[in-house]
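Q: The structure's right below; bear with me while I get my questions together.
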Amino acid sequence: MVLAKTDIGKFREINQDFYYISEETDSPQLYILADGMGGYKGGEIASKLATESVKKYILNNFDKIIKEKEEILKLIKSSVEYANMVVYEKSKEVPDLEGMGTTLEVCLIYNNKAYIGHVGDSRIYRIRKNVIRKLTKDHSYVQQLVEDKKITREEAKSHPKKNMLTKALGCTAYVEPDIRARNFEKGDIFIICSDGLTNMVEESKIYELVTNDVNTAADKLINLANEAGGYDNITIIIIK
């Protein structure tokens, strides 16, 4: 079962988030989420371009590879690098789009494994046996401060520079995505979301609503994010 929803939030004029979800009968199952940034329409274009480039690259090449862990991870990495090149070249072609970029979450599910590609500060969580676990690490200035023990996780939540990314897709000629494979077991729930949700709603609340009633969770979480301020676009994909 897959549920996905996106919302413009309360302050933005356009929705710069973009996502793709496979049909339930597709193999492999592919889920992509991108949160764009850049003036004019840059962020909107970057997120859509990145999502469509990754989708095209993976679906065109999946049947050509050996279906083993390392090969699938290599495919994910190559797809993100390809998307980065497409967005970067577009930003160089059109003066108004200079400096545009996007976060990117790729989750390919095949043979009870989730293969993940990650750039930026959108997130992928997994809920298993009453525990929610973040499977991605934010590529952000504030995350770096936390790792360097300069601020606490609590201080990070309200830090004035928490939206500053240390890595994004399409901003430089080359990007190194985080890639990893995780088991996807019966009963597991994966959540892919943009920071419009996680900046507004606590992890514990995400866990509570998704485990209480997965069918209504996306709507309720978006409502909560908007009630808390809705400062950004909000997108959530839930896979069970």
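Ordering of the structure tokens sets the chain letters (A, B, ...), residue numbers begin anew at 1 in every chain, and ligands are numbered from 1 in the order given.
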Check which residues of stretch 75-162 of chain A sit at most 9 Å from stretch 170-187 of chain A using only C-alpha atoms, and return one row each with the closest pair of atoms and their distance in Å to one decimal, ordered by chain and rising number, as JSON lines.

A:
{"residue": "A:Ile76", "atom": "CA", "partner": "A:Ile179", "partner_atom": "CA", "distance": 7.4}
{"residue": "A:Lys77", "atom": "CA", "partner": "A:Pro177", "partner_atom": "CA", "distance": 6.6}
{"residue": "A:Val80", "atom": "CA", "partner": "A:Pro177", "partner_atom": "CA", "distance": 7.0}
{"residue": "A:Glu81", "atom": "CA", "partner": "A:Val175", "partner_atom": "CA", "distance": 6.4}
{"residue": "A:Ala83", "atom": "CA", "partner": "A:Gly170", "partner_atom": "CA", "distance": 7.7}
{"residue": "A:Asn84", "atom": "CA", "partner": "A:Gly170", "partner_atom": "CA", "distance": 4.6}
{"residue": "A:Met85", "atom": "CA", "partner": "A:Ala173", "partner_atom": "CA", "distance": 6.4}
{"residue": "A:Val86", "atom": "CA", "partner": "A:Gly170", "partner_atom": "CA", "distance": 7.5}
{"residue": "A:Val87", "atom": "CA", "partner": "A:Gly170", "partner_atom": "CA", "distance": 4.8}
{"residue": "A:Tyr88", "atom": "CA", "partner": "A:Gly170", "partner_atom": "CA", "distance": 4.3}
{"residue": "A:Glu89", "atom": "CA", "partner": "A:Gly170", "partner_atom": "CA", "distance": 8.1}
{"residue": "A:Lys90", "atom": "CA", "partner": "A:Gly170", "partner_atom": "CA", "distance": 8.8}
{"residue": "A:Ser91", "atom": "CA", "partner": "A:Gly170", "partner_atom": "CA", "distance": 7.8}
{"residue": "A:Glu98", "atom": "CA", "partner": "A:Cys171", "partner_atom": "CA", "distance": 8.8}
{"residue": "A:Gly99", "atom": "CA", "partner": "A:Cys171", "partner_atom": "CA", "distance": 6.0}
{"residue": "A:Met100", "atom": "CA", "partner": "A:Cys171", "partner_atom": "CA", "distance": 6.5}
{"residue": "A:Gly101", "atom": "CA", "partner": "A:Gly170", "partner_atom": "CA", "distance": 4.8}
{"residue": "A:Thr102", "atom": "CA", "partner": "A:Gly170", "partner_atom": "CA", "distance": 6.7}
{"residue": "A:Ile109", "atom": "CA", "partner": "A:Phe184", "partner_atom": "CA", "distance": 7.8}
{"residue": "A:Tyr110", "atom": "CA", "partner": "A:Phe184", "partner_atom": "CA", "distance": 8.9}
{"residue": "A:Asn111", "atom": "CA", "partner": "A:Phe184", "partner_atom": "CA", "distance": 8.6}
{"residue": "A:Asn112", "atom": "CA", "partner": "A:Phe184", "partner_atom": "CA", "distance": 4.9}
{"residue": "A:Lys113", "atom": "CA", "partner": "A:Asn183", "partner_atom": "CA", "distance": 4.5}
{"residue": "A:Ala114", "atom": "CA", "partner": "A:Arg182", "partner_atom": "CA", "distance": 5.2}
{"residue": "A:Tyr115", "atom": "CA", "partner": "A:Ala181", "partner_atom": "CA", "distance": 4.5}
{"residue": "A:Ile116", "atom": "CA", "partner": "A:Arg180", "partner_atom": "CA", "distance": 5.3}
{"residue": "A:Gly117", "atom": "CA", "partner": "A:Ile179", "partner_atom": "CA", "distance": 4.6}
{"residue": "A:His118", "atom": "CA", "partner": "A:Asp178", "partner_atom": "CA", "distance": 5.1}
{"residue": "A:Val119", "atom": "CA", "partner": "A:Pro177", "partner_atom": "CA", "distance": 5.4}
{"residue": "A:Gly120", "atom": "CA", "partner": "A:Pro177", "partner_atom": "CA", "distance": 8.9}
{"residue": "A:Arg126", "atom": "CA", "partner": "A:Phe184", "partner_atom": "CA", "distance": 8.9}
{"residue": "A:Ile127", "atom": "CA", "partner": "A:Gly187", "partner_atom": "CA", "distance": 8.6}
{"residue": "A:Arg128", "atom": "CA", "partner": "A:Gly187", "partner_atom": "CA", "distance": 7.0}
{"residue": "A:Lys129", "atom": "CA", "partner": "A:Gly187", "partner_atom": "CA", "distance": 8.1}
{"residue": "A:Leu135", "atom": "CA", "partner": "A:Arg182", "partner_atom": "CA", "distance": 8.6}
{"residue": "A:Thr136", "atom": "CA", "partner": "A:Asp178", "partner_atom": "CA", "distance": 8.0}
{"residue": "A:Lys137", "atom": "CA", "partner": "A:Asp178", "partner_atom": "CA", "distance": 8.5}

Q: Using N, CA, C and O atoms, can you export the residues from the last selection as a short mmCIF file (atom, residue, chain, number, x, y, z; two decimals), in the first residue's frame?

A:
data_model
loop_
_atom_site.label_atom_id
_atom_site.label_comp_id
_atom_site.auth_asym_id
_atom_site.auth_seq_id
_atom_site.Cartn_x
_atom_site.Cartn_y
_atom_site.Cartn_z
N ILE A 76 21.45 3.12 -8.59
CA ILE A 76 20.88 4.27 -7.86
C ILE A 76 21.87 5.45 -7.91
O ILE A 76 21.48 6.58 -8.19
N LYS A 77 23.13 5.16 -7.61
CA LYS A 77 24.16 6.22 -7.60
C LYS A 77 24.27 6.88 -8.97
O LYS A 77 24.28 8.11 -9.09
N VAL A 80 21.35 9.22 -9.76
CA VAL A 80 21.43 10.51 -9.07
C VAL A 80 22.47 11.40 -9.75
O VAL A 80 22.25 12.61 -9.94
N GLU A 81 23.59 10.81 -10.13
CA GLU A 81 24.64 11.58 -10.83
C GLU A 81 24.13 12.10 -12.17
O GLU A 81 24.43 13.24 -12.57
N ALA A 83 20.92 12.72 -12.91
CA ALA A 83 19.96 13.78 -12.61
C ALA A 83 20.68 15.08 -12.24
O ALA A 83 20.26 16.18 -12.64
N ASN A 84 21.76 14.96 -11.50
CA ASN A 84 22.55 16.14 -11.12
C ASN A 84 23.07 16.86 -12.37
O ASN A 84 22.99 18.08 -12.47
N MET A 85 23.58 16.08 -13.31
CA MET A 85 24.11 16.65 -14.55
C MET A 85 23.00 17.37 -15.34
O MET A 85 23.20 18.48 -15.84
N VAL A 86 21.83 16.75 -15.41
CA VAL A 86 20.70 17.34 -16.16
C VAL A 86 20.29 18.69 -15.54
O VAL A 86 20.12 19.69 -16.24
N VAL A 87 20.14 18.71 -14.21
CA VAL A 87 19.71 19.94 -13.52
C VAL A 87 20.81 21.01 -13.62
O VAL A 87 20.53 22.18 -13.90
N TYR A 88 22.04 20.60 -13.43
CA TYR A 88 23.17 21.55 -13.47
C TYR A 88 23.29 22.19 -14.86
O TYR A 88 23.44 23.41 -14.98
N GLU A 89 23.18 21.37 -15.90
CA GLU A 89 23.30 21.90 -17.27
C GLU A 89 22.15 22.84 -17.61
O GLU A 89 22.34 23.86 -18.27
N LYS A 90 20.95 22.51 -17.15
CA LYS A 90 19.80 23.38 -17.37
C LYS A 90 20.00 24.74 -16.68
O LYS A 90 19.68 25.79 -17.23
N SER A 91 20.59 24.71 -15.47
CA SER A 91 20.82 25.96 -14.73
C SER A 91 21.84 26.84 -15.44
O SER A 91 21.84 28.06 -15.28
N GLU A 98 19.84 30.14 -12.87
CA GLU A 98 21.18 29.99 -12.28
C GLU A 98 21.09 29.77 -10.77
O GLU A 98 20.36 30.46 -10.07
N GLY A 99 21.81 28.76 -10.27
CA GLY A 99 21.84 28.50 -8.83
C GLY A 99 20.71 27.63 -8.33
O GLY A 99 20.61 27.37 -7.13
N MET A 100 19.82 27.17 -9.23
CA MET A 100 18.73 26.31 -8.75
C MET A 100 19.29 24.95 -8.33
O MET A 100 20.35 24.53 -8.76
N GLY A 101 18.55 24.29 -7.47
CA GLY A 101 18.96 22.97 -7.01
C GLY A 101 17.79 22.27 -6.34
O GLY A 101 16.68 22.79 -6.28
N THR A 102 18.05 21.10 -5.80
CA THR A 102 16.99 20.34 -5.16
C THR A 102 17.56 19.28 -4.23
O THR A 102 18.69 18.84 -4.41
N ILE A 109 12.36 -0.42 -4.22
CA ILE A 109 12.10 -1.64 -3.45
C ILE A 109 12.04 -2.83 -4.40
O ILE A 109 11.28 -2.84 -5.37
N TYR A 110 12.90 -3.82 -4.09
CA TYR A 110 13.00 -5.01 -4.95
C TYR A 110 13.45 -6.18 -4.09
O TYR A 110 14.42 -6.07 -3.34
N ASN A 111 12.71 -7.29 -4.20
CA ASN A 111 13.07 -8.51 -3.46
C ASN A 111 13.29 -8.26 -1.96
O ASN A 111 14.32 -8.64 -1.39
N ASN A 112 12.34 -7.60 -1.33
CA ASN A 112 12.37 -7.36 0.13
C ASN A 112 13.56 -6.52 0.60
O ASN A 112 13.98 -6.62 1.74
N LYS A 113 14.07 -5.70 -0.30
CA LYS A 113 15.11 -4.75 0.10
C LYS A 113 14.76 -3.37 -0.42
O LYS A 113 14.19 -3.23 -1.50
N ALA A 114 15.11 -2.35 0.36
CA ALA A 114 14.93 -0.96 -0.08
C ALA A 114 16.32 -0.40 -0.38
O ALA A 114 17.21 -0.41 0.48
N TYR A 115 16.49 0.08 -1.60
CA TYR A 115 17.75 0.67 -2.04
C TYR A 115 17.55 2.18 -2.07
O TYR A 115 16.66 2.69 -2.75
N ILE A 116 18.39 2.88 -1.31
CA ILE A 116 18.16 4.31 -1.06
C ILE A 116 19.27 5.17 -1.63
O ILE A 116 20.46 4.86 -1.48
N GLY A 117 18.88 6.27 -2.27
CA GLY A 117 19.81 7.32 -2.68
C GLY A 117 19.35 8.62 -2.03
O GLY A 117 18.15 8.90 -1.99
N HIS A 118 20.30 9.41 -1.52
CA HIS A 118 19.92 10.58 -0.71
C HIS A 118 20.88 11.75 -0.92
O HIS A 118 22.10 11.58 -0.84
N VAL A 119 20.30 12.93 -1.18
CA VAL A 119 21.07 14.18 -1.23
C VAL A 119 20.20 15.27 -0.60
O VAL A 119 19.05 15.46 -0.99
N GLY A 120 20.75 15.99 0.38
CA GLY A 120 20.02 17.13 0.96
C GLY A 120 19.42 16.84 2.33
O GLY A 120 19.94 16.02 3.08
N ARG A 126 12.04 4.64 8.64
CA ARG A 126 11.43 3.31 8.65
C ARG A 126 10.84 3.06 10.03
O ARG A 126 11.49 3.30 11.05
N ILE A 127 9.59 2.59 10.04
CA ILE A 127 8.97 2.17 11.30
C ILE A 127 8.95 0.64 11.30
O ILE A 127 8.44 0.00 10.38
N ARG A 128 9.56 0.06 12.35
CA ARG A 128 9.58 -1.39 12.50
C ARG A 128 9.46 -1.74 13.98
O ARG A 128 10.19 -1.19 14.80
N LYS A 129 8.54 -2.63 14.29
CA LYS A 129 8.38 -3.10 15.67
C LYS A 129 8.36 -1.95 16.68
O LYS A 129 9.16 -1.90 17.61
N LEU A 135 16.64 6.84 8.27
CA LEU A 135 17.61 6.08 7.47
C LEU A 135 18.55 6.99 6.68
O LEU A 135 19.48 6.50 6.03
N THR A 136 18.30 8.29 6.72
CA THR A 136 19.15 9.24 5.98
C THR A 136 19.75 10.24 6.96
O THR A 136 19.20 10.47 8.04
N LYS A 137 20.86 10.83 6.57
CA LYS A 137 21.49 11.87 7.39
C LYS A 137 21.41 13.19 6.64
O LYS A 137 21.80 13.28 5.47
#

Q: Near A:Phe18, within 10 Å and counting only C-alpha atoms, which residues show up once chain neighbours fewer than 4 positions away are dropped, as a PyMOL selection string?

A: chain A and resi 6+32-36+43-52+102+104+194+233+235

Q: Keeping N, CA, C and O atoms for every residue in the selection just given, could you write it to a file as a PDB file, in the first residue's frame?

A:
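result12.pdb written:
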ATOM      1  N   THR A   6       0.961  16.006  -1.343  1.00  0.00           N
ATOM      2  CA  THR A   6       1.790  17.211  -1.276  1.00  0.00           C
ATOM      3  C   THR A   6       0.887  18.427  -1.077  1.00  0.00           C
ATOM      4  O   THR A   6      -0.271  18.421  -1.499  1.00  0.00           O
ATOM      5  N   ILE A  32      10.233   8.481  -5.492  1.00  0.00           N
ATOM      6  CA  ILE A  32      11.188   9.593  -5.567  1.00  0.00           C
ATOM      7  C   ILE A  32      10.540  10.846  -4.993  1.00  0.00           C
ATOM      8  O   ILE A  32       9.367  11.120  -5.262  1.00  0.00           O
ATOM      9  N   LEU A  33      11.311  11.595  -4.229  1.00  0.00           N
ATOM     10  CA  LEU A  33      10.825  12.876  -3.707  1.00  0.00           C
ATOM     11  C   LEU A  33      11.942  13.910  -3.827  1.00  0.00           C
ATOM     12  O   LEU A  33      13.099  13.624  -3.500  1.00  0.00           O
ATOM     13  N   ALA A  34      11.596  15.101  -4.326  1.00  0.00           N
ATOM     14  CA  ALA A  34      12.574  16.184  -4.473  1.00  0.00           C
ATOM     15  C   ALA A  34      11.970  17.488  -3.973  1.00  0.00           C
ATOM     16  O   ALA A  34      10.803  17.782  -4.244  1.00  0.00           O
ATOM     17  N   ASP A  35      12.773  18.243  -3.234  1.00  0.00           N
ATOM     18  CA  ASP A  35      12.348  19.534  -2.681  1.00  0.00           C
ATOM     19  C   ASP A  35      13.254  20.601  -3.293  1.00  0.00           C
ATOM     20  O   ASP A  35      14.416  20.725  -2.930  1.00  0.00           O
ATOM     21  N   GLY A  36      12.705  21.348  -4.261  1.00  0.00           N
ATOM     22  CA  GLY A  36      13.512  22.285  -5.042  1.00  0.00           C
ATOM     23  C   GLY A  36      13.771  23.607  -4.359  1.00  0.00           C
ATOM     24  O   GLY A  36      13.054  24.009  -3.444  1.00  0.00           O
ATOM     25  N   GLY A  43      13.333  26.336  -8.368  1.00  0.00           N
ATOM     26  CA  GLY A  43      13.147  25.172  -7.511  1.00  0.00           C
ATOM     27  C   GLY A  43      12.128  24.196  -8.053  1.00  0.00           C
ATOM     28  O   GLY A  43      12.309  22.977  -8.009  1.00  0.00           O
ATOM     29  N   GLU A  44      11.065  24.739  -8.607  1.00  0.00           N
ATOM     30  CA  GLU A  44      10.003  23.917  -9.189  1.00  0.00           C
ATOM     31  C   GLU A  44      10.539  23.106 -10.377  1.00  0.00           C
ATOM     32  O   GLU A  44      10.250  21.919 -10.524  1.00  0.00           O
ATOM     33  N   ILE A  45      11.362  23.756 -11.192  1.00  0.00           N
ATOM     34  CA  ILE A  45      11.934  23.096 -12.369  1.00  0.00           C
ATOM     35  C   ILE A  45      12.983  22.067 -11.951  1.00  0.00           C
ATOM     36  O   ILE A  45      13.015  20.947 -12.461  1.00  0.00           O
ATOM     37  N   ALA A  46      13.829  22.427 -10.969  1.00  0.00           N
ATOM     38  CA  ALA A  46      14.883  21.512 -10.512  1.00  0.00           C
ATOM     39  C   ALA A  46      14.300  20.221  -9.941  1.00  0.00           C
ATOM     40  O   ALA A  46      14.769  19.117 -10.254  1.00  0.00           O
ATOM     41  N   SER A  47      13.270  20.337  -9.105  1.00  0.00           N
ATOM     42  CA  SER A  47      12.711  19.141  -8.459  1.00  0.00           C
ATOM     43  C   SER A  47      12.034  18.223  -9.478  1.00  0.00           C
ATOM     44  O   SER A  47      12.168  16.994  -9.420  1.00  0.00           O
ATOM     45  N   LYS A  48      11.328  18.830 -10.439  1.00  0.00           N
ATOM     46  CA  LYS A  48      10.656  18.016 -11.465  1.00  0.00           C
ATOM     47  C   LYS A  48      11.679  17.352 -12.398  1.00  0.00           C
ATOM     48  O   LYS A  48      11.568  16.161 -12.708  1.00  0.00           O
ATOM     49  N   LEU A  49      12.675  18.126 -12.823  1.00  0.00           N
ATOM     50  CA  LEU A  49      13.730  17.587 -13.696  1.00  0.00           C
ATOM     51  C   LEU A  49      14.475  16.440 -13.030  1.00  0.00           C
ATOM     52  O   LEU A  49      14.742  15.407 -13.656  1.00  0.00           O
ATOM     53  N   ALA A  50      14.830  16.631 -11.747  1.00  0.00           N
ATOM     54  CA  ALA A  50      15.585  15.606 -11.014  1.00  0.00           C
ATOM     55  C   ALA A  50      14.770  14.327 -10.885  1.00  0.00           C
ATOM     56  O   ALA A  50      15.261  13.220 -11.148  1.00  0.00           O
ATOM     57  N   THR A  51      13.504  14.480 -10.502  1.00  0.00           N
ATOM     58  CA  THR A  51      12.629  13.321 -10.323  1.00  0.00           C
ATOM     59  C   THR A  51      12.457  12.555 -11.630  1.00  0.00           C
ATOM     60  O   THR A  51      12.598  11.327 -11.676  1.00  0.00           O
ATOM     61  N   GLU A  52      12.184  13.281 -12.711  1.00  0.00           N
ATOM     62  CA  GLU A  52      11.939  12.618 -13.996  1.00  0.00           C
ATOM     63  C   GLU A  52      13.211  12.002 -14.569  1.00  0.00           C
ATOM     64  O   GLU A  52      13.165  10.954 -15.208  1.00  0.00           O
ATOM     65  N   THR A 102      18.053  21.095  -5.799  1.00  0.00           N
ATOM     66  CA  THR A 102      16.987  20.336  -5.160  1.00  0.00           C
ATOM     67  C   THR A 102      17.560  19.283  -4.230  1.00  0.00           C
ATOM     68  O   THR A 102      18.688  18.836  -4.414  1.00  0.00           O
ATOM     69  N   LEU A 104      17.009  15.316  -2.935  1.00  0.00           N
ATOM     70  CA  LEU A 104      16.522  14.155  -3.685  1.00  0.00           C
ATOM     71  C   LEU A 104      16.534  12.911  -2.811  1.00  0.00           C
ATOM     72  O   LEU A 104      17.548  12.602  -2.184  1.00  0.00           O
ATOM     73  N   SER A 194       9.541  15.701   2.860  1.00  0.00           N
ATOM     74  CA  SER A 194      10.345  16.916   2.720  1.00  0.00           C
ATOM     75  C   SER A 194      10.434  17.623   4.072  1.00  0.00           C
ATOM     76  O   SER A 194       9.681  17.318   5.002  1.00  0.00           O
ATOM     77  N   ASN A 233       6.595  24.119   1.611  1.00  0.00           N
ATOM     78  CA  ASN A 233       5.811  23.063   0.973  1.00  0.00           C
ATOM     79  C   ASN A 233       5.984  21.775   1.787  1.00  0.00           C
ATOM     80  O   ASN A 233       7.040  21.547   2.370  1.00  0.00           O
ATOM     81  N   THR A 235       5.483  17.546   1.700  1.00  0.00           N
ATOM     82  CA  THR A 235       5.211  16.341   0.905  1.00  0.00           C
ATOM     83  C   THR A 235       5.539  15.107   1.719  1.00  0.00           C
ATOM     84  O   THR A 235       6.540  15.064   2.427  1.00  0.00           O
TER      85      THR A 235
END

Q: To test your reading of the structure, identify every residue in stretch 40-129 of chain A that backbone DSSP assigns to helix (DSSP H, G or I), and report it as a ChimeraX atom specification.

A: /A:42-64,69-93,95-97

Q: Report as a PyMOL selection string all protein, DNA and RNA residues lying within 8 Å of A:Tyr125, evaluated on only C-alpha atoms, omitting residues in the same chain fewer than 3 positions from it.

A: chain A and resi 132-136+190-192
